[in-house]
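What follows is the content of entry27.txt (compact mmCIF, C-alpha atoms and all ligand atoms).
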# COMPACT_ATOMS: atom_id res chain seq x y z
CA MET A 262 67.02 131.56 139.66
CA ARG A 263 68.73 128.59 138.12
CA LYS A 264 72.47 128.44 137.65
CA THR A 265 73.46 128.33 134.01
CA MET A 266 76.91 127.71 132.58
CA LEU A 267 78.09 129.30 129.36
CA VAL A 268 80.89 127.39 127.71
CA THR A 269 82.68 129.33 125.02
CA ASP A 270 86.09 130.47 123.87
CA ARG A 271 87.59 132.83 121.33
CA ARG A 272 89.52 129.84 119.97
CA TYR A 273 86.24 128.80 118.33
CA MET A 274 86.97 131.58 115.85
CA ASN A 275 90.12 129.85 114.60
CA HIS A 276 88.51 127.40 112.18
CA PHE A 277 88.19 129.05 108.78
CA ALA A 278 85.78 127.50 106.28
CA GLY A 279 86.73 129.79 103.40
CA PRO A 280 86.12 133.33 102.17
CA VAL A 281 82.46 134.46 102.06
CA HIS A 282 81.41 131.30 103.89
CA PRO A 283 78.29 131.76 106.06
CA GLU A 284 79.73 129.55 108.84
CA ARG A 285 82.25 132.21 109.82
CA PRO A 286 84.26 133.18 112.90
CA GLY A 287 82.10 136.29 113.40
CA ARG A 288 79.29 134.05 114.61
CA ILE A 289 81.25 133.29 117.76
CA ALA A 290 82.35 136.91 118.13
CA ALA A 291 78.68 137.98 118.05
CA MET A 292 77.73 135.39 120.66
CA ILE A 293 80.65 136.28 122.96
CA GLU A 294 79.86 139.97 122.70
CA MET A 295 76.25 139.22 123.62
CA ALA A 296 77.30 136.95 126.50
CA GLU A 297 79.65 139.58 127.91
CA GLY A 298 76.68 141.95 128.14
CA LEU A 299 74.65 139.54 130.29
CA LYS A 300 74.50 140.70 133.87
CA ARG A 301 73.30 137.64 135.69
CA SER A 302 75.05 136.61 138.88
CA ALA A 303 73.88 133.00 138.46
CA LEU A 304 75.73 132.75 135.16
CA LYS A 305 79.00 130.84 135.18
CA HIS A 306 81.47 131.18 132.36
CA ALA A 307 83.74 128.26 131.58
CA ALA A 308 86.37 127.42 128.98
CA PRO A 309 85.90 124.20 127.01
CA ARG A 310 88.14 121.18 127.23
CA PRO A 311 89.08 119.33 124.04
CA ALA A 312 87.41 115.98 123.36
CA SER A 313 89.78 113.00 123.38
CA VAL A 314 90.17 110.75 120.35
CA GLU A 315 88.33 108.03 122.30
CA GLU A 316 85.43 110.42 122.86
CA LEU A 317 85.32 111.38 119.18
CA MET A 318 85.25 107.66 118.38
CA LEU A 319 82.02 107.27 120.36
CA CYS A 320 80.42 108.46 117.10
CA HIS A 321 83.13 108.49 114.44
CA SER A 322 85.43 105.97 112.80
CA GLN A 323 89.13 105.97 113.57
CA GLU A 324 89.96 106.59 109.89
CA TYR A 325 87.72 109.62 109.75
CA VAL A 326 89.06 111.08 113.01
CA ALA A 327 92.59 110.68 111.58
CA ALA A 328 91.51 112.40 108.35
CA VAL A 329 90.26 115.44 110.27
CA GLU A 330 93.45 115.46 112.33
CA ARG A 331 95.47 115.74 109.11
CA THR A 332 93.80 119.10 108.35
CA GLY A 333 96.28 120.47 110.87
CA GLN A 334 99.05 119.96 108.32
CA GLN A 335 97.33 121.80 105.47
CA GLU A 336 96.34 125.34 104.71
CA ARG A 337 93.07 124.13 103.24
CA SER A 338 91.32 120.80 102.85
CA ASP A 339 88.02 120.15 101.08
CA PHE A 340 85.59 117.64 102.58
CA ASP A 341 82.51 118.38 100.51
CA PRO A 342 81.35 121.27 98.31
CA ASP A 343 80.54 123.44 101.33
CA THR A 344 82.70 121.90 104.07
CA HIS A 345 86.31 123.04 104.07
CA GLY A 346 89.03 122.73 106.66
CA SER A 347 91.89 125.06 107.54
CA ALA A 348 95.05 124.42 109.56
CA GLU A 349 93.09 125.20 112.76
CA THR A 350 90.09 123.00 112.01
CA TRP A 351 91.17 119.97 114.03
CA ALA A 352 92.01 121.99 117.15
CA THR A 353 88.73 123.92 116.88
CA ALA A 354 86.57 120.87 116.15
CA ILE A 355 87.85 118.85 119.13
CA LEU A 356 87.21 121.90 121.29
CA ALA A 357 83.63 122.09 119.94
CA ALA A 358 82.91 118.44 120.79
CA GLY A 359 84.71 118.86 124.13
CA GLY A 360 82.84 122.07 124.95
CA VAL A 361 79.55 120.19 125.06
CA LEU A 362 81.18 117.60 127.34
CA THR A 363 82.43 120.38 129.61
CA ALA A 364 78.81 121.53 129.87
CA LEU A 365 77.54 118.01 130.60
CA GLU A 366 80.13 117.49 133.33
CA ALA A 367 79.16 120.74 135.05
CA VAL A 368 75.47 119.80 135.05
CA LEU A 369 76.08 116.22 136.19
CA ASP A 370 78.40 117.39 138.96
CA GLY A 371 75.66 119.73 140.19
CA GLU A 372 77.82 122.78 139.66
CA VAL A 373 75.03 124.33 137.56
CA ASN A 374 71.45 123.40 136.66
CA ASN A 375 71.87 123.68 132.90
CA ALA A 376 74.28 125.01 130.29
CA PHE A 377 74.69 126.51 126.83
CA ALA A 378 77.75 125.51 124.82
CA ILE A 379 78.48 128.25 122.29
CA VAL A 380 80.63 126.17 119.98
CA ARG A 381 81.84 126.11 116.41
CA PRO A 382 82.08 124.35 113.97
CA PRO A 383 78.54 122.94 114.27
CA GLY A 384 77.93 119.20 114.37
CA HIS A 385 74.54 117.78 113.45
CA HIS A 386 75.28 116.95 109.79
CA ALA A 387 78.54 115.14 110.64
CA LEU A 388 78.28 111.42 109.84
CA PRO A 389 80.26 108.59 111.46
CA GLY A 390 82.75 108.61 108.60
CA ARG A 391 82.26 111.90 106.81
CA ALA A 392 82.20 115.67 107.26
CA MET A 393 79.16 117.37 105.79
CA GLY A 394 77.24 120.65 105.78
CA PHE A 395 79.86 122.77 107.65
CA CYS A 396 80.13 120.03 110.33
CA PHE A 397 83.16 117.89 111.26
CA PHE A 398 82.38 116.10 114.52
CA ASN A 399 78.85 115.53 115.75
CA ASN A 400 79.13 117.53 118.95
CA VAL A 401 75.66 116.71 120.30
CA GLY A 402 75.85 113.11 119.08
CA ILE A 403 79.11 112.61 120.94
CA ALA A 404 77.52 114.17 124.03
CA ALA A 405 74.52 111.81 123.86
CA SER A 406 76.79 108.77 123.31
CA TRP A 407 78.99 109.89 126.19
CA LEU A 408 75.98 110.03 128.52
CA ILE A 409 74.96 106.53 127.46
CA LYS A 410 78.34 104.82 127.28
CA ILE A 411 80.42 106.66 129.87
CA ARG A 412 77.74 107.73 132.34
CA GLN A 413 75.51 104.69 131.83
CA MET A 414 72.33 106.61 131.10
CA ARG A 415 69.54 104.71 129.42
CA ARG A 416 67.39 107.48 127.96
CA VAL A 417 68.74 110.68 126.42
CA LEU A 418 66.57 113.09 124.45
CA VAL A 419 68.03 115.17 121.61
CA VAL A 420 65.78 117.96 120.31
CA ASP A 421 67.12 119.56 117.14
CA TRP A 422 65.37 122.80 116.18
CA ASP A 423 68.00 123.90 113.65
CA VAL A 424 66.28 124.73 110.33
CA HIS A 425 68.16 121.87 108.68
CA HIS A 426 67.55 118.22 109.41
CA GLY A 427 70.29 116.71 111.59
CA ASN A 428 70.95 113.79 109.28
CA GLY A 429 74.21 112.93 111.07
CA THR A 430 72.62 112.70 114.50
CA GLN A 431 69.71 110.72 113.10
CA GLU A 432 72.03 108.23 111.42
CA ILE A 433 74.22 107.72 114.50
CA PHE A 434 71.25 106.75 116.67
CA TYR A 435 68.88 105.31 114.06
CA ALA A 436 69.00 101.74 115.42
CA LEU A 437 69.34 102.65 119.11
CA PRO A 438 66.47 103.02 121.60
CA GLU A 439 68.60 104.85 124.17
CA VAL A 440 68.56 108.14 122.27
CA LEU A 441 65.29 109.69 121.19
CA TYR A 442 66.10 112.08 118.33
CA MET A 443 63.47 114.69 117.48
CA SER A 444 63.85 117.28 114.76
CA THR A 445 61.87 120.18 113.39
CA HIS A 446 63.23 121.28 110.03
CA GLN A 447 62.38 122.96 106.78
CA TYR A 448 61.41 120.42 104.13
CA PRO A 449 62.18 119.97 101.31
CA PHE A 450 65.56 121.51 102.04
CA TYR A 451 69.21 120.65 102.65
CA PRO A 452 70.24 117.86 103.37
CA GLY A 453 67.10 116.21 101.96
CA THR A 454 66.49 113.73 104.80
CA GLY A 455 63.99 113.90 107.66
CA TRP A 456 60.70 112.80 106.14
CA LEU A 457 57.91 111.50 108.41
CA ASP A 458 58.54 107.85 107.65
CA GLU A 459 62.12 108.01 108.99
CA ILE A 460 61.34 106.71 112.48
CA GLY A 461 64.33 104.45 113.25
CA VAL A 462 65.01 100.75 112.62
CA GLY A 463 65.22 97.55 114.67
CA THR A 464 65.15 98.24 118.40
CA GLY A 465 65.53 101.92 117.49
CA ALA A 466 62.18 101.98 115.68
CA GLY A 467 60.02 104.76 117.12
CA PHE A 468 63.01 106.60 118.58
CA THR A 469 63.42 109.03 115.69
CA VAL A 470 60.70 111.65 115.32
CA ASN A 471 60.78 114.01 112.36
CA ALA A 472 58.62 117.07 111.82
CA PRO A 473 59.35 118.21 108.25
CA LEU A 474 57.83 121.66 107.84
CA PRO A 475 57.27 123.70 104.69
CA ALA A 476 59.05 127.05 104.34
CA GLY A 477 57.15 129.93 105.88
CA PHE A 478 56.10 128.29 109.14
CA GLY A 479 56.71 130.36 112.28
CA ASN A 480 56.25 130.38 116.04
CA SER A 481 52.67 129.17 116.20
CA GLU A 482 53.28 126.16 113.95
CA TYR A 483 56.51 125.25 115.76
CA LEU A 484 54.81 125.46 119.14
CA ARG A 485 51.92 123.36 117.97
CA VAL A 486 54.40 120.71 116.80
CA PHE A 487 56.06 120.85 120.23
CA ASP A 488 52.78 120.64 122.15
CA GLN A 489 50.99 118.02 120.05
CA LEU A 490 53.82 115.84 118.81
CA LEU A 491 57.28 116.20 120.39
CA LEU A 492 56.47 116.81 124.05
CA PRO A 493 53.78 114.12 124.46
CA ILE A 494 56.23 111.52 123.10
CA ALA A 495 59.17 112.91 125.09
CA ARG A 496 57.09 112.66 128.29
CA GLN A 497 56.45 108.97 127.64
CA PHE A 498 60.18 108.47 126.97
CA LYS A 499 61.09 110.13 130.32
CA PRO A 500 64.59 111.32 129.43
CA GLU A 501 67.36 111.28 132.01
CA PHE A 502 68.99 114.21 130.20
CA VAL A 503 67.83 116.70 127.56
CA LEU A 504 70.18 117.93 124.83
CA ILE A 505 69.23 120.68 122.40
CA SER A 506 70.81 121.08 118.98
CA ALA A 507 70.18 124.80 119.09
CA GLY A 508 70.57 126.28 115.65
CA PHE A 509 69.08 129.70 115.08
CA ASP A 510 68.70 129.51 111.31
CA ALA A 511 64.93 129.02 111.56
CA HIS A 512 64.88 132.73 112.50
CA PHE A 513 63.00 134.89 109.98
CA ARG A 514 66.11 136.97 109.30
CA ASP A 515 68.39 134.04 108.55
CA PRO A 516 69.85 134.18 105.02
CA LEU A 517 69.86 130.39 104.53
CA GLY A 518 66.61 129.30 106.15
CA GLY A 519 63.10 130.10 104.94
CA MET A 520 61.22 129.96 108.24
CA GLN A 521 59.57 132.73 110.28
CA VAL A 522 60.57 131.92 113.86
CA THR A 523 61.31 134.92 116.12
CA GLU A 524 63.22 135.28 119.38
CA ASP A 525 59.93 134.67 121.16
CA GLY A 526 59.56 131.33 119.43
CA PHE A 527 62.98 130.19 120.64
CA LEU A 528 62.03 131.36 124.14
CA GLU A 529 58.82 129.31 124.11
CA MET A 530 60.57 126.20 122.81
CA THR A 531 63.23 126.53 125.52
CA ARG A 532 60.56 127.04 128.19
CA ARG A 533 58.71 123.91 127.11
CA LEU A 534 61.87 121.80 127.12
CA GLN A 535 62.81 123.19 130.50
CA ARG A 536 59.41 122.10 131.89
CA LEU A 537 59.95 118.67 130.38
CA ALA A 538 63.42 118.44 131.94
CA ASP A 539 61.99 119.56 135.29
CA GLU A 540 59.37 116.82 135.15
CA CYS A 541 61.70 114.05 134.02
CA CYS A 542 65.28 114.73 135.09
CA ASP A 543 65.59 117.49 137.65
CA GLY A 544 65.99 120.11 134.92
CA LYS A 545 69.20 118.63 133.52
CA MET A 546 69.58 120.20 130.10
CA VAL A 547 72.40 121.34 127.82
CA ALA A 548 71.97 123.33 124.62
CA ALA A 549 74.71 123.45 121.98
CA LEU A 550 74.93 125.91 119.13
CA GLU A 551 74.44 124.50 115.64
CA GLY A 552 73.60 126.87 112.74
CA GLY A 553 72.42 130.49 112.57
CA TYR A 554 73.91 132.83 110.00
CA ASP A 555 72.43 136.27 110.63
CA LEU A 556 74.65 137.66 113.37
CA GLN A 557 71.99 139.84 114.97
CA ALA A 558 69.35 137.10 114.91
CA LEU A 559 71.91 134.68 116.30
CA ALA A 560 72.94 136.89 119.22
CA GLU A 561 69.39 138.02 120.08
CA SER A 562 68.04 134.48 119.97
CA GLY A 563 70.99 133.21 121.99
CA ARG A 564 70.36 135.89 124.61
CA ILE A 565 66.69 134.92 124.91
CA VAL A 566 67.50 131.23 125.31
CA ILE A 567 70.20 131.86 127.93
CA ASP A 568 67.85 134.16 129.86
CA GLU A 569 65.16 131.52 129.79
CA LEU A 570 67.57 128.83 131.02
CA GLY A 571 68.06 130.92 134.15
CA ARG A 572 64.38 131.31 134.93
CA ASP A 573 62.58 129.14 137.47
CA GLY A 574 59.92 126.83 136.22
CA ASP A 575 56.74 128.29 137.58
CA GLU A 576 55.48 130.18 134.55
CA TYR A 577 52.42 128.71 133.01
CA VAL A 578 52.90 127.24 129.55
CA THR A 579 49.78 127.57 127.48
CA LYS A 580 49.09 124.93 124.92
CA ALA A 581 49.36 126.24 121.39
CA LYS A 582 45.93 126.80 119.93
CA ASN A 583 47.10 128.39 116.71
CA GLY A 584 49.42 127.06 114.07
CA LEU A 585 46.68 124.96 112.50
CA ARG A 586 48.70 124.74 109.30
CA ALA A 587 50.94 122.25 111.10
CA GLN A 588 48.09 119.93 112.02
CA PRO A 589 48.20 117.65 108.94
CA ILE A 590 51.93 117.06 109.50
CA ILE A 591 51.37 116.32 113.18
CA GLN A 592 48.64 113.83 112.34
CA ARG A 593 50.75 112.05 109.75
CA ALA A 594 53.70 111.87 112.15
CA HIS A 595 51.46 110.27 114.77
CA TYR A 596 50.27 107.79 112.18
CA PHE A 597 53.83 106.62 111.47
CA LEU A 598 54.62 106.42 115.19
CA ARG A 599 51.34 104.87 116.36
CA GLU A 600 52.84 101.48 117.20
CA TYR A 601 55.45 102.99 119.51
CA TRP A 602 53.79 105.75 121.52
CA GLN A 603 50.39 106.61 122.91
CA THR A 604 49.25 109.23 120.49
CA ASP A 605 46.58 111.86 120.51
CA PRO A 606 47.26 114.30 117.74
CA GLY A 607 44.34 116.51 118.77
CA ASP A 608 42.36 118.48 116.24
ZN ZN A 701 71.26 124.69 110.06

How would this structure read if it were set down as structure tokens?
Amino acid sequence: MRKTMLVTDRRYMNHFAGPVHPERPGRIAAMIEMAEGLKRSALKHAAPRPASVEELMLCHSQEYVAAVERTGQQERSDFDPDTHGSAETWATAILAAGGVLTALEAVLDGEVNNAFAIVRPPGHHALPGRAMGFCFFNNVGIAASWLIKIRQMRRVLVVDWDVHHGNGTQEIFYALPEVLYMSTHQYPFYPGTGWLDEIGVGTGAGFTVNAPLPAGFGNSEYLRVFDQLLLPIARQFKPEFVLISAGFDAHFRDPLGGMQVTEDGFLEMTRRLQRLADECCDGKMVAALEGGYDLQALAESGRIVIDELGRDGDEYVTKAKNGLRAQPIIQRAHYFLREYWQTDPGD
């Protein structure tokens, strides 16, 4: 058994994005209810710490951080057509960014092997100077920057399986070779970024890997993308830490996404990343919640991932043989990345 930490807090329910908004406090309630039902002795529960302004500024401008802080003085503030703040947004958002750091600290200190930060609001659309797509601070981006700049790591992998492209995370690290950002996402879809030719710039070229997938793809296509594209490149990168932007809106029941992933698909993706982390960095891995808007799908998928995080790494992972519909995308991705990685897209 591995030791897993769950970082969460009812205070994550305090941010209110507006009436009938899909990114709602009940998402955290559903996850906490699920987590309270888990009976594992190797599970540690921890409360998050808030991120400091300096930590937020690892990824965000001072002006923007101050603008989010001002939400505390207003009943409601509008950042973009679907991103709204309430008086509790600042306090909740710094706790979301800090919650992922709490998880990192526990793993780095050896207190646990890995962790899941059940946080809200989500982060992967948040840009250096702008809130976007329900996101205020880029929780996982701040975590990756913190590992690089505070803990002097040189190679951090971010895998983003949320159904939406993590345009904020991509932008933050687009010119940096220290963070390898990999995303599977529905395409074309919100926010519109994440095509195959977006591979990074300058010394960061090759360190952004996008797998834009048409609506309707499910477990077999996702696993093929993992086995033939993401994992072979990640193994060459040899991360010192693995971060997962774990949204569950690629689930077939999600009201926003159009994908067909099931709980079993999330389990298999987690298992593969755990094997990768075992090979490269002693299993050091932290997942952070991003999207996921069907409460039952969210809680069930979260349960599966947390269970898998606790499992030892001796199960055999079979290479995906199905999911052939993903093959043309995999081949084109390899084509764009051919100068940077040894590639064998298979057939
Ligand atoms: Zn999403």

Report as a Markdown table: every residue of region 526-605 of chain A with an atom at most 6 Å from region 486-504 of chain A, its closest pair of atoms, and their distance in Å to one decimal, counting only C-alpha atoms, with rows sorted by chain and ascending residue number.
| residue | atom | partner | partner_atom | distance |
| --- | --- | --- | --- | --- |
| A:Cys541 | CA | A:Lys499 | CA | 5.4 |
| A:Cys542 | CA | A:Glu501 | CA | 5.1 |
| A:Lys545 | CA | A:Phe502 | CA | 5.5 |
| A:Met546 | CA | A:Val503 | CA | 4.7 |
| A:Val547 | CA | A:Leu504 | CA | 5.0 |
| A:Ala548 | CA | A:Leu504 | CA | 5.7 |

- Query: When distances are computed from all atoms listed in the file, which of A:Phe513, A:Trp602, A:Tyr596, A:Tyr451 shows the smallest separation from ligand ZN 701 (chain A)?
  - Reply: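 Smallest distance to ligand ZN 701 (chain A) is found for A:Tyr451.
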
- Note on the structure: re CA of Arg337 (chain A) and CA of Gly553 (chain A): distance 23.5 Å

- Message: Neighbouring residues of Val368 (chain A) were defined as those with any atom within 9 Å, considering only C-alpha atoms; residues of the same chain fewer than 5 positions away were excluded. Please report them as a PyMOL selection string.
- Response: chain A and resi 265-266+363+373-376+545-547

Within 12 Å of file point (70.8, 132.2, 106.7), counting only C-alpha atoms, expressed as an mmCIF file with C-alpha atoms, in the coordinates of the input:
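After the write, out.cif holds the following:
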data_model
loop_
_atom_site.group_PDB
_atom_site.id
_atom_site.type_symbol
_atom_site.label_atom_id
_atom_site.label_comp_id
_atom_site.auth_asym_id
_atom_site.auth_seq_id
_atom_site.Cartn_x
_atom_site.Cartn_y
_atom_site.Cartn_z
ATOM 1 C CA HIS A 282 81.410 131.300 103.890
ATOM 2 C CA PRO A 283 78.290 131.760 106.060
ATOM 3 C CA GLU A 284 79.730 129.550 108.840
ATOM 4 C CA ARG A 285 82.250 132.210 109.820
ATOM 5 C CA ARG A 288 79.290 134.050 114.610
ATOM 6 C CA ASP A 423 68.000 123.900 113.650
ATOM 7 C CA VAL A 424 66.280 124.730 110.330
ATOM 8 C CA HIS A 425 68.160 121.870 108.680
ATOM 9 C CA GLY A 508 70.570 126.280 115.650
ATOM 10 C CA PHE A 509 69.080 129.700 115.080
ATOM 11 C CA ASP A 510 68.700 129.510 111.310
ATOM 12 C CA ALA A 511 64.930 129.020 111.560
ATOM 13 C CA HIS A 512 64.880 132.730 112.500
ATOM 14 C CA PHE A 513 63.000 134.890 109.980
ATOM 15 C CA ARG A 514 66.110 136.970 109.300
ATOM 16 C CA ASP A 515 68.390 134.040 108.550
ATOM 17 C CA PRO A 516 69.850 134.180 105.020
ATOM 18 C CA LEU A 517 69.860 130.390 104.530
ATOM 19 C CA GLY A 518 66.610 129.300 106.150
ATOM 20 C CA GLY A 519 63.100 130.100 104.940
ATOM 21 C CA MET A 520 61.220 129.960 108.240
ATOM 22 C CA GLN A 521 59.570 132.730 110.280
ATOM 23 C CA GLY A 552 73.600 126.870 112.740
ATOM 24 C CA GLY A 553 72.420 130.490 112.570
ATOM 25 C CA TYR A 554 73.910 132.830 110.000
ATOM 26 C CA ASP A 555 72.430 136.270 110.630
ATOM 27 C CA LEU A 556 74.650 137.660 113.370
ATOM 28 C CA GLN A 557 71.990 139.840 114.970
ATOM 29 C CA ALA A 558 69.350 137.100 114.910
ATOM 30 C CA LEU A 559 71.910 134.680 116.300
#

- Message: Using all atoms listed in the file, can you tell me which of A:Gln603, A:Asn480, A:Thr344, A:Gln413 comes closest to Gly394 (chain A)?
- Response: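 Of all the options, A:Thr344 lies closest to Gly394 (chain A).
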
Please provide as a PDB file with C-alpha atoms, in the coordinates of the input all residues within 6 Å of region 464-471 of chain A, with the sequence filter that same-chain residues fewer than 3 positions apart are discarded (counting all atoms listed in the file).
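Dumped to result.pdb:
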ATOM      1  CA  TYR A 435      68.880 105.310 114.060  1.00  0.00           C
ATOM      2  CA  ALA A 436      69.000 101.740 115.420  1.00  0.00           C
ATOM      3  CA  LEU A 437      69.340 102.650 119.110  1.00  0.00           C
ATOM      4  CA  PRO A 438      66.470 103.020 121.600  1.00  0.00           C
ATOM      5  CA  LEU A 441      65.290 109.690 121.190  1.00  0.00           C
ATOM      6  CA  TYR A 442      66.100 112.080 118.330  1.00  0.00           C
ATOM      7  CA  MET A 443      63.470 114.690 117.480  1.00  0.00           C
ATOM      8  CA  SER A 444      63.850 117.280 114.760  1.00  0.00           C
ATOM      9  CA  GLY A 455      63.990 113.900 107.660  1.00  0.00           C
ATOM     10  CA  LEU A 457      57.910 111.500 108.410  1.00  0.00           C
ATOM     11  CA  ILE A 460      61.340 106.710 112.480  1.00  0.00           C
ATOM     12  CA  GLY A 461      64.330 104.450 113.250  1.00  0.00           C
ATOM     13  CA  LEU A 598      54.620 106.420 115.190  1.00  0.00           C
ATOM     14  CA  TYR A 601      55.450 102.990 119.510  1.00  0.00           C
TER      15      TYR A 601
END
